[in-house]
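Coordinates from start13.tsv are shown below (TSV, C-alpha atoms and all ligand atoms).
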chain	number	residue	atom	x	y	z
A	611	MET	CA	0.00	0.00	0.00
A	612	ARG	CA	1.28	3.42	-0.96
A	613	GLU	CA	1.51	6.12	1.69
A	614	ILE	CA	-0.98	8.98	1.44
A	615	SER	CA	1.90	11.50	1.51
A	616	LEU	CA	3.24	10.03	-1.75
A	617	HIS	CA	-0.10	10.61	-3.45
A	618	ILE	CA	0.00	14.19	-2.13
A	619	LEU	CA	3.53	14.55	-3.55
A	620	ASP	CA	2.31	13.36	-6.98
A	621	ILE	CA	-0.49	15.89	-7.01
A	622	MET	CA	1.80	18.72	-5.85
A	623	GLN	CA	4.20	17.84	-8.66
A	624	ASN	CA	1.33	18.15	-11.12
A	625	SER	CA	0.76	21.63	-9.68
A	626	THR	CA	4.38	22.71	-10.12
A	627	ALA	CA	4.35	21.29	-13.67
A	628	ALA	CA	1.26	23.46	-14.23
A	629	GLN	CA	3.28	26.55	-13.17
A	630	ALA	CA	1.37	27.07	-9.94
A	631	ARG	CA	2.55	29.94	-7.76
A	632	VAL	CA	0.51	28.82	-4.76
A	633	ILE	CA	-0.19	25.23	-3.69
A	634	LYS	CA	-2.51	24.77	-0.75
A	635	VAL	CA	-2.82	21.40	1.01
A	636	VAL	CA	-5.56	21.12	3.61
A	637	ILE	CA	-5.99	17.89	5.59
A	638	THR	CA	-9.03	17.67	7.82
A	639	VAL	CA	-10.47	15.12	10.22
A	640	GLU	CA	-14.16	15.53	9.46
A	641	SER	CA	-16.62	15.95	12.30
A	642	GLY	CA	-17.60	12.49	13.52
A	643	LYS	CA	-13.93	11.59	13.08
A	644	SER	CA	-14.59	8.79	10.60
A	645	MET	CA	-13.23	10.50	7.48
A	646	LEU	CA	-9.94	12.17	6.60
A	647	ARG	CA	-10.31	14.79	3.88
A	648	ILE	CA	-7.40	15.94	1.74
A	649	VAL	CA	-7.75	18.96	-0.52
A	650	ILE	CA	-4.93	20.11	-2.80
A	651	GLU	CA	-5.57	23.37	-4.58
A	652	ASP	CA	-3.38	25.25	-7.04
A	653	ASP	CA	-3.45	28.37	-9.20
A	654	GLY	CA	-1.69	26.72	-12.12
A	655	CYS	CA	-2.68	26.56	-15.78
A	656	GLY	CA	-5.70	24.33	-15.16
A	657	MET	CA	-7.33	21.95	-17.62
A	658	ASP	CA	-10.18	22.23	-20.05
A	659	SER	CA	-13.10	19.84	-19.64
A	660	LYS	CA	-11.81	17.47	-22.32
A	661	VAL	CA	-8.44	16.91	-20.59
A	662	LEU	CA	-10.15	16.78	-17.20
A	663	ALA	CA	-12.42	13.94	-18.33
A	664	LYS	CA	-9.37	11.97	-19.47
A	665	VAL	CA	-7.30	12.33	-16.32
A	666	THR	CA	-10.07	11.07	-14.08
A	667	ASP	CA	-10.50	7.86	-16.03
A	668	PRO	CA	-7.59	7.27	-18.39
A	669	PHE	CA	-8.41	3.68	-19.26
A	670	THR	CA	-11.71	4.43	-20.96
A	671	THR	CA	-10.50	7.18	-23.24
A	672	GLY	CA	-9.64	4.94	-26.18
A	673	ARG	CA	-6.91	5.89	-28.61
A	674	THR	CA	-4.82	8.90	-27.78
A	675	THR	CA	-1.43	10.09	-28.88
A	676	ARG	CA	-0.91	11.81	-25.57
A	677	ARG	CA	0.61	9.82	-22.73
A	678	VAL	CA	-1.85	9.60	-19.88
A	679	GLY	CA	-0.34	9.47	-16.43
A	680	LEU	CA	-1.27	7.54	-13.34
A	681	GLY	CA	-0.85	10.02	-10.47
A	682	ILE	CA	-4.50	11.02	-10.37
A	683	PRO	CA	-6.06	7.57	-11.04
A	684	LEU	CA	-3.85	5.95	-8.36
A	685	PHE	CA	-4.87	8.52	-5.73
A	686	LYS	CA	-8.53	8.04	-6.69
A	687	ALA	CA	-8.29	4.26	-6.43
A	688	SER	CA	-6.51	4.48	-3.08
A	689	ALA	CA	-9.18	6.72	-1.53
A	690	GLU	CA	-12.05	4.66	-2.93
A	691	GLN	CA	-10.53	1.38	-1.72
A	692	SER	CA	-10.72	2.63	1.86
A	693	GLY	CA	-14.41	3.48	1.52
A	694	GLY	CA	-13.74	7.11	0.69
A	695	ASP	CA	-14.22	9.15	-2.44
A	696	PHE	CA	-12.36	11.38	-4.88
A	697	ALA	CA	-13.10	14.42	-7.01
A	698	ILE	CA	-11.14	16.77	-9.21
A	699	SER	CA	-12.24	20.06	-10.64
A	700	SER	CA	-10.30	22.42	-12.82
A	701	GLN	CA	-10.67	25.57	-14.82
A	702	LYS	CA	-8.37	26.60	-17.63
A	703	ASP	CA	-6.11	29.53	-16.61
A	704	VAL	CA	-7.55	29.53	-13.09
A	705	GLY	CA	-6.37	26.38	-11.34
A	706	THR	CA	-7.16	22.90	-10.12
A	707	VAL	CA	-8.66	21.40	-6.97
A	708	VAL	CA	-8.16	17.74	-6.04
A	709	ARG	CA	-10.23	16.30	-3.18
A	710	ALA	CA	-9.83	12.85	-1.66
A	711	ARG	CA	-11.47	11.35	1.38
A	712	TYR	CA	-10.30	8.26	3.25
A	713	GLU	CA	-12.23	6.27	5.81
A	714	ILE	CA	-9.89	6.68	8.79
A	715	ASN	CA	-10.41	3.29	10.39
A	716	SER	CA	-10.56	1.21	7.21
A	717	ILE	CA	-7.89	-1.51	7.08
A	718	ASP	CA	-7.38	-0.38	3.48
A	719	ARG	CA	-6.42	3.16	4.45
A	720	PRO	CA	-2.70	3.64	3.84
A	721	PRO	CA	-0.74	5.43	6.58
A	722	ILE	CA	-0.21	9.15	6.13
A	723	GLY	CA	3.52	8.47	5.73
A	724	ASP	CA	6.29	11.05	5.62
A	725	LEU	CA	4.17	14.13	5.08
A	726	PRO	CA	6.74	16.37	6.84
A	727	GLY	CA	9.42	15.18	4.40
A	728	VAL	CA	7.18	15.74	1.38
A	729	ILE	CA	6.19	19.27	2.39
A	730	ALA	CA	9.69	20.29	3.51
A	731	ASP	CA	11.25	18.94	0.30
A	732	MET	CA	8.65	20.67	-1.88
A	733	ALA	CA	9.26	23.96	-0.04
A	734	ALA	CA	13.04	23.57	-0.44
A	735	GLY	CA	12.82	22.39	-4.05
A	736	TYR	CA	10.39	25.09	-5.20
A	737	PRO	CA	11.36	28.17	-3.18
A	738	THR	CA	9.42	30.55	-5.44
A	739	VAL	CA	6.17	28.61	-4.95
A	740	GLU	CA	4.08	29.38	-1.88
A	741	ILE	CA	3.43	26.03	-0.20
A	742	HIS	CA	0.66	26.15	2.35
A	743	LEU	CA	-0.13	23.20	4.62
A	744	GLN	CA	-3.10	23.26	6.94
A	745	LEU	CA	-4.05	20.46	9.34
A	746	GLU	CA	-7.46	20.57	11.03
A	747	ASN	CA	-9.17	18.48	13.67
A	748	GLY	CA	-12.14	20.07	15.39
A	749	ASP	CA	-10.92	23.34	16.89
A	750	ARG	CA	-7.28	22.27	16.62
A	751	GLN	CA	-5.41	23.73	13.66
A	752	PHE	CA	-1.83	23.80	12.40
A	753	VAL	CA	-0.60	25.99	9.56
A	754	PHE	CA	2.70	25.98	7.73
A	755	ASN	CA	3.32	28.53	4.99
A	756	SER	CA	6.61	28.52	3.09
A	757	ARG	CA	6.33	32.18	2.07
A	758	GLU	CA	6.07	33.27	5.69
A	759	VAL	CA	9.01	31.06	6.68
A	760	LYS	CA	11.02	32.48	3.79
A	761	GLN	CA	10.37	36.04	4.99
A	762	VAL	CA	11.57	35.15	8.49
A	763	LEU	CA	14.69	33.45	7.08
A	764	GLY	CA	15.70	36.49	5.05
A	765	ASP	CA	18.90	35.62	3.15
A	766	VAL	CA	19.01	32.02	4.37
A	767	PRO	CA	17.58	29.76	1.63
A	768	LEU	CA	14.82	27.22	2.33
A	769	SER	CA	17.12	24.60	0.79
A	770	GLU	CA	19.73	25.02	3.56
A	771	PHE	CA	20.21	21.63	5.26
A	772	GLU	CA	19.49	22.90	8.78
A	773	VAL	CA	16.36	24.66	7.52
A	774	ILE	CA	15.01	21.46	5.94
A	775	VAL	CA	15.71	19.53	9.15
A	776	TRP	CA	13.87	22.19	11.15
A	777	LEU	CA	10.94	22.28	8.71
A	778	ARG	CA	10.49	18.51	8.91
A	779	GLU	CA	10.59	18.60	12.68
A	780	TYR	CA	8.17	21.53	12.88
A	781	ILE	CA	5.61	19.87	10.56
A	782	SER	CA	6.08	16.53	12.32
A	783	GLU	CA	5.18	18.18	15.65
A	784	GLY	CA	2.12	19.73	13.99
A	785	LEU	CA	1.03	16.33	12.70
A	786	LYS	CA	1.30	14.81	16.17
A	787	GLU	CA	-0.52	17.71	17.76
A	788	ILE	CA	-3.45	17.69	15.36
A	789	PHE	CA	-3.84	14.03	14.35
A	790	GLY	CA	-2.31	12.19	17.32
A	791	GLY	CA	-4.92	9.89	18.82
A	792	VAL	CA	-7.04	9.98	15.65
A	793	LEU	CA	-4.71	8.44	13.07
A	794	SER	CA	-3.42	5.23	14.66
A	795	GLU	CA	0.00	5.46	12.95
A	796	ILE	CA	0.82	8.75	14.70
A	797	ASN	CA	2.16	8.44	18.22
A	798	SER	CA	1.39	11.53	20.21
B	801	LIG	N1	-2.88	20.55	-11.20
B	801	LIG	C1	-2.92	20.40	-12.53
B	801	LIG	N2	-2.97	21.48	-13.34
B	801	LIG	C2	-3.01	21.33	-14.69
B	801	LIG	N3	-3.00	20.14	-15.31
B	801	LIG	C3	-2.95	19.04	-14.55
B	801	LIG	C4	-2.92	19.09	-13.13
B	801	LIG	N4	-2.89	17.84	-12.64
B	801	LIG	C5	-2.90	17.02	-13.70
B	801	LIG	N5	-2.93	17.73	-14.87
B	801	LIG	C6	-2.93	17.16	-16.21
B	801	LIG	O1	-3.38	15.83	-16.12
B	801	LIG	C7	-2.38	14.92	-16.59
B	801	LIG	C8	-2.46	13.64	-15.80
B	801	LIG	O2	-1.98	13.82	-14.47
B	801	LIG	P1	-1.42	12.56	-13.70
B	801	LIG	O3	-0.80	13.00	-12.43
B	801	LIG	O4	-2.49	11.54	-13.58
B	801	LIG	O5	-0.33	12.00	-14.66
B	801	LIG	P2	1.07	12.66	-15.13
B	801	LIG	O6	1.44	13.76	-14.18
B	801	LIG	O7	0.94	13.01	-16.58
B	801	LIG	O8	2.06	11.45	-14.98
B	801	LIG	P3	2.53	10.75	-13.62
B	801	LIG	O9	1.83	11.44	-12.50
B	801	LIG	O10	2.12	9.31	-13.76
B	801	LIG	O11	3.99	10.96	-13.59
B	801	LIG	C9	-1.09	15.71	-16.48
B	801	LIG	O12	-0.13	15.25	-17.42
B	801	LIG	C10	-1.55	17.13	-16.81
B	801	LIG	O13	-1.67	17.32	-18.19
B	802	MG	MG	1.30	13.47	-12.08

Please rewrite the model in this file as structure tokens.
Amino acid sequence: MREISLHILDIMQNSTAAQARVIKVVITVESGKSMLRIVIEDDGCGMDSKVLAKVTDPFTTGRTTRRVGLGIPLFKASAEQSGGDFAISSQKDVGTVVRARYEINSIDRPPIGDLPGVIADMAAGYPTVEIHLQLENGDRQFVFNSREVKQVLGDVPLSEFEVIVWLREYISEGLKEIFGGVLSEINS
């Protein structure tokens, strides 16, 4: 089973390929605490309805000269296998929103995985992109924003080794604080 953070990485890489300047990842424990919702939103180039229809279901599109990828279909399958659901919406020249929901206690839900590593590496690797991570569970909330961190750092680049180590640790603490006790793989 693939970790959820790797699906998030795939989707964020689609966003950077689409020239996004802002990528917002919001992960929420829904009220009732049975579902985990993941929303990844970007302001990249977007897709027209024809392309959008293909990416959601690449195997039923018939002949095409264009290579159709697997990042989106794999994320969709993963969420649906756990009893969740998946949706993607997009508008040309505006941006794209990917939404996945996992049933938290399903044995088919993959662990969240190394989300701190994924977010820290994206922030370090794409310093001109604003990477926003928001974790929510009831009235508990954690926010990481790479643009704000960059402002505080001044001349020190986000790709500096010590900065990446700190970022990972900071996000890891946030994960524990917000999802500890709800996601069984996180020890609070
Ligand atoms: N956020 C996005 N903005 C604009 N276009 C997108 C976005 N996400 C996906 N697409 C389009 O949908 C296609 C399919 O995405 P998907 O992630 O499934 O596969 P891929 O990125 O082409 O390949 P893979 O992820 O397997 O390396 C992309 O090639 C791109 O054309
Ligand atoms: Mg992709």

Practice problem: Between A:Gly735, A:Pro721, A:Gly727, A:Pro683, single out the one closest to Phe789 of chain A, counting only C-alpha atoms. | Solution: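 Among the listed residues, A:Pro721 lies closest to Phe789 of chain A.
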
With 7 Å as the cut-off and all atoms listed in the file counted, what is the closest atom pair between each nearby residue of chain A and ligand LIG 801 (chain B)? Distances in Å to one decimal, ordered by chain and number, as a Markdown table.
| residue | atom | partner | partner_atom | distance |
| --- | --- | --- | --- | --- |
| A:Asp620 | CA | B:LIG801 | O9 | 5.9 |
| A:Ile621 | CA | B:LIG801 | O3 | 6.2 |
| A:Asn624 | CA | B:LIG801 | N4 | 4.5 |
| A:Ser625 | CA | B:LIG801 | N1 | 4.1 |
| A:Ala628 | CA | B:LIG801 | N2 | 4.8 |
| A:Asp652 | CA | B:LIG801 | N1 | 6.3 |
| A:Gly654 | CA | B:LIG801 | N2 | 5.5 |
| A:Cys655 | CA | B:LIG801 | C2 | 5.4 |
| A:Gly656 | CA | B:LIG801 | C2 | 4.1 |
| A:Met657 | CA | B:LIG801 | N3 | 5.2 |
| A:Val661 | CA | B:LIG801 | O1 | 6.8 |
| A:Leu662 | CA | B:LIG801 | O1 | 6.9 |
| A:Val665 | CA | B:LIG801 | C8 | 5.0 |
| A:Arg677 | CA | B:LIG801 | O7 | 6.9 |
| A:Val678 | CA | B:LIG801 | O7 | 5.5 |
| A:Gly679 | CA | B:LIG801 | O5 | 3.1 |
| A:Leu680 | CA | B:LIG801 | O10 | 3.8 |
| A:Gly681 | CA | B:LIG801 | O3 | 3.6 |
| A:Ile682 | CA | B:LIG801 | O4 | 3.8 |
| A:Pro683 | CA | B:LIG801 | O4 | 5.9 |
| A:Gly705 | CA | B:LIG801 | N2 | 6.3 |
| A:Thr706 | CA | B:LIG801 | N1 | 5.0 |

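The residue that comes closest to Thr666 of chain A, out of A:Ile637, A:Val708, A:Leu768, A:Ala630 and on the basis of all atoms listed in the file, is A:Val708.
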
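Of the listed residues A:Arg757, A:Ile698, A:Lys786, A:His617, the one whose atoms come nearest to ligand MG 802 (chain B) is A:His617, with distances taken using all atoms listed in the file.
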
Practice problem: Measuring atom to atom with only C-alpha atoms, identify which of A:Pro737, A:Gly784, A:Asn797, A:Asn747 is nearest to Ser769 of chain A. | Solution: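 Of the candidates, the smallest distance to Ser769 of chain A is held by A:Pro737.
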
Practice problem: Using all atoms listed in the file, find the one residue out of A:Leu616, A:Val632, A:Leu725, A:Ala710 that sits nearest to Ser782 of chain A. | Solution: A:Leu725

Quiz item: Quick one: of A:Glu651, A:Asp658, A:Asp667, A:Asp724, who's nearest to Gln744 of chain A, counting all atoms listed in the file?
Solution: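 Answer, going by the shortest atom-to-atom distance: A:Glu651.
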
Exercise. Can you pull out every residue within 12 Å of Ala733 of chain A, counting all atoms listed in the file, but drop anything in the same chain fewer than 2 positions away, and send it as number ranges by chain?
Key: A: 619, 622-623, 626, 631-634, 726-731, 735-743, 754-760, 767-770, 773-774, 777-778, 781

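Using only C-alpha atoms, the residues found no farther than 6 Å from segment 714-716 of chain A, other than those of its own chain fewer than 6 positions away, are Ser644, Met645, Leu646 and Ser692 of chain A.
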
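The space separating atom CA of Glu613 of chain A from atom CA of Leu785 of chain A comes to 15.0 Å.
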
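Taking atom CA of Glu779 of chain A as the reference point, atom CA of Pro720 of chain A is found at 21.9 Å.
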
Practice problem: Figure out the distance between atom CA of Gln751 of chain A and atom CA of Arg647 of chain A, please, to one decimal in Å. | Solution: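 Value for the atom CA of Arg647 of chain A-atom CA of Gln751 of chain A distance: 14.1 Å.
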
Quiz prompt | Residue contacts of Gln691 of chain A (10 Å, all atoms listed in the file) excluding same-chain residues fewer than 2 positions away, as a list of chain:residue names | solution =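 So the residues in contact are A:Phe685, A:Lys686, A:Ala687, A:Ser688, A:Ala689, A:Gly693, A:Gly694, A:Asp695, A:Tyr712, A:Glu713, A:Ser716, A:Ile717, A:Asp718, A:Arg719, A:Pro720.
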